[in-house]
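A quick write-up on the structure given underneath.
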Amino acid sequence: MYELFFQKFNEKVALSPQEQEQIKVYLTPKKLRKRQYLLQEGDVCKSIAFVEKGALRAYTVDENMNEHIIQFAIESWTISDLFSYLTAEPATYNIDSLEDAELVLITRSAHEELLRTQPKYETYIRLLITGAYIALQRRLSSNISQPAEERYTRFTDTYPAIAQRVPQHMIASYLGLTPETLSRIRKKMAERR
């Protein structure tokens, strides 16, 4: 455990073996079975999860019991209800595992201590948050301005590993489409090939 976490960390900010060991003390391994929750709406989010293995999703459920997927996370990605994590208020997201998963968790107290004592950790987190914000902005712009077919094409081009591992109805939810609309888009695209 922790191999992929430190590989990705070192790609952004190089750590000495000593610094790696100092950070490792604050990390907690966790395994989830397929369909097991990491977080349920209404609970306080206590950890950021780095995915070593598997796939997870964050989503909300509306009053009609329709799921709206906010985020997917596969190997080397992080997932959390960041608002709940940072404010200690109840989570608005559910996070569950789409496959058996192995995670590296960073609790809020561990995060605060690492920010205080490990400058390279602070740099790493800043880079992660910056990247996440850019991705969020791109997704928002895409959902507002691009036709459904372009959104689907961009998704499959940008995230081919997710597109191959996640059911189509979940991709539709993530893109803000009905499964029927996505099916029509896929059929039309296949006919053009």
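Every chain in the structure tokens takes a letter, A first, then B, and so on in the order presented; its residues are numbered from 1, and the ligands are numbered from 1 following the presented order.
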
Distance table requested - region 51-104 of chain A against region 172-183 of chain A, cut-off 10 Å, only C-alpha atoms: one row per qualifying residue with the closest atom pair and its distance in Å to one decimal, ordered by chain and rising residue number, as CSV.
```
residue,atom,partner,partner_atom,distance
A:Arg57,CA,A:Tyr174,CA,9.7
A:Ala58,CA,A:Tyr174,CA,9.9
A:Tyr59,CA,A:Tyr174,CA,8.8
A:Asn66,CA,A:Ser173,CA,8.9
A:Glu67,CA,A:Ser173,CA,7.0
A:His68,CA,A:Ser173,CA,5.4
A:Ile69,CA,A:Tyr174,CA,4.7
A:Ile70,CA,A:Tyr174,CA,6.1
A:Gln71,CA,A:Tyr174,CA,7.2
A:Phe72,CA,A:Tyr174,CA,8.5
```

Legend entry - Residues of region 27-179 of chain A in helix (DSSP H, G or I), written as number ranges by chain: A: 82-87, 108-117, 119-145, 148-158, 160-165, 168-175, 179

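The residue that comes closest to Gln7 (chain A), out of A:Asp62, A:Ser76, A:Glu191, A:Ala110 and on the basis of only C-alpha atoms, is A:Ser76.
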
Legend entry - Which of region 13-77 of chain A DSSP labels strand (DSSP E or B), written as an MDAnalysis selection string: chainID A and resid 28:32 37:39 44 47:53 56:61 67:73

Inset, instruction - Could you give me, as a ChimeraX atom specification, the residues within 12 Å of Ala88 (chain A), counting only C-alpha atoms and dropping anything in the same chain fewer than 2 positions from it? - result: /A:42-47,81-86,90-92,107-109

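Distance annotation: of A:Ala101, A:Ala132, A:Leu38, A:Ala14, the residue with the minimal separation from Ala55 (chain A) is A:Ala101; atom set is only C-alpha atoms.
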
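Of the listed residues (A:Ser97, A:Thr158, A:Thr87, A:Gln168), A:Ser97 comes nearest to Ala73 (chain A); the distances count only C-alpha atoms.
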
Legend entry - Separation of CA of Asp100 (chain A) from CA of Ile162 (chain A) in Å: 15.0 Å

List the neighbours of Tyr37 (chain A) out to 8 Å using only C-alpha atoms; skip same-chain residues closer than 3 positions along the sequence, and give me the result as a PDB file with N, CA and C atoms, in the first residue's frame.
```pdb
ATOM      1  N   LEU A  32     -12.397  -1.063   0.486  1.00  0.00           N
ATOM      2  CA  LEU A  32     -13.848  -1.042   0.322  1.00  0.00           C
ATOM      3  C   LEU A  32     -14.243  -2.160  -0.625  1.00  0.00           C
ATOM      4  N   GLN A  40     -21.704   8.838   3.434  1.00  0.00           N
ATOM      5  CA  GLN A  40     -23.126   8.975   3.125  1.00  0.00           C
ATOM      6  C   GLN A  40     -23.567  10.401   3.419  1.00  0.00           C
ATOM      7  N   ASN A  94     -22.879  11.461  -1.456  1.00  0.00           N
ATOM      8  CA  ASN A  94     -22.608  10.071  -1.131  1.00  0.00           C
ATOM      9  C   ASN A  94     -21.370   9.698  -1.925  1.00  0.00           C
ATOM     10  N   ILE A  95     -20.502   8.890  -1.346  1.00  0.00           N
ATOM     11  CA  ILE A  95     -19.351   8.357  -2.072  1.00  0.00           C
ATOM     12  C   ILE A  95     -19.348   6.857  -1.853  1.00  0.00           C
ATOM     13  N   ASP A  96     -19.404   6.110  -2.950  1.00  0.00           N
ATOM     14  CA  ASP A  96     -19.349   4.655  -2.829  1.00  0.00           C
ATOM     15  C   ASP A  96     -18.414   4.071  -3.868  1.00  0.00           C
ATOM     16  N   SER A  97     -18.137   2.802  -3.684  1.00  0.00           N
ATOM     17  CA  SER A  97     -17.168   2.111  -4.523  1.00  0.00           C
ATOM     18  C   SER A  97     -17.875   1.376  -5.656  1.00  0.00           C
TER      19      SER A  97
END
```

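Take the candidates A:Arg138, A:Arg184, A:Arg33, A:His111 and check each one against Ile125 (chain A) using only C-alpha atoms; the shortest distance goes to A:His111.
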
Inset, instruction - Excluding Leu105 (chain A) and any residue of its chain fewer than 3 positions from it, enumerate the residues within 12 Å of it, using only C-alpha atoms, and give them as JSON, numbers by chain. - result: {"A": [1, 2, 5, 23, 24, 25, 26, 27, 28, 29, 30, 31, 32, 38, 45, 46, 47, 48, 49, 50, 51, 52, 78, 79, 80, 102, 108, 109, 110, 111]}

Inset, instruction - Record the distance separating CA of Lys53 (chain A) and CA of Glu3 (chain A), expressed in Å with one decimal. - result: 10.7 Å
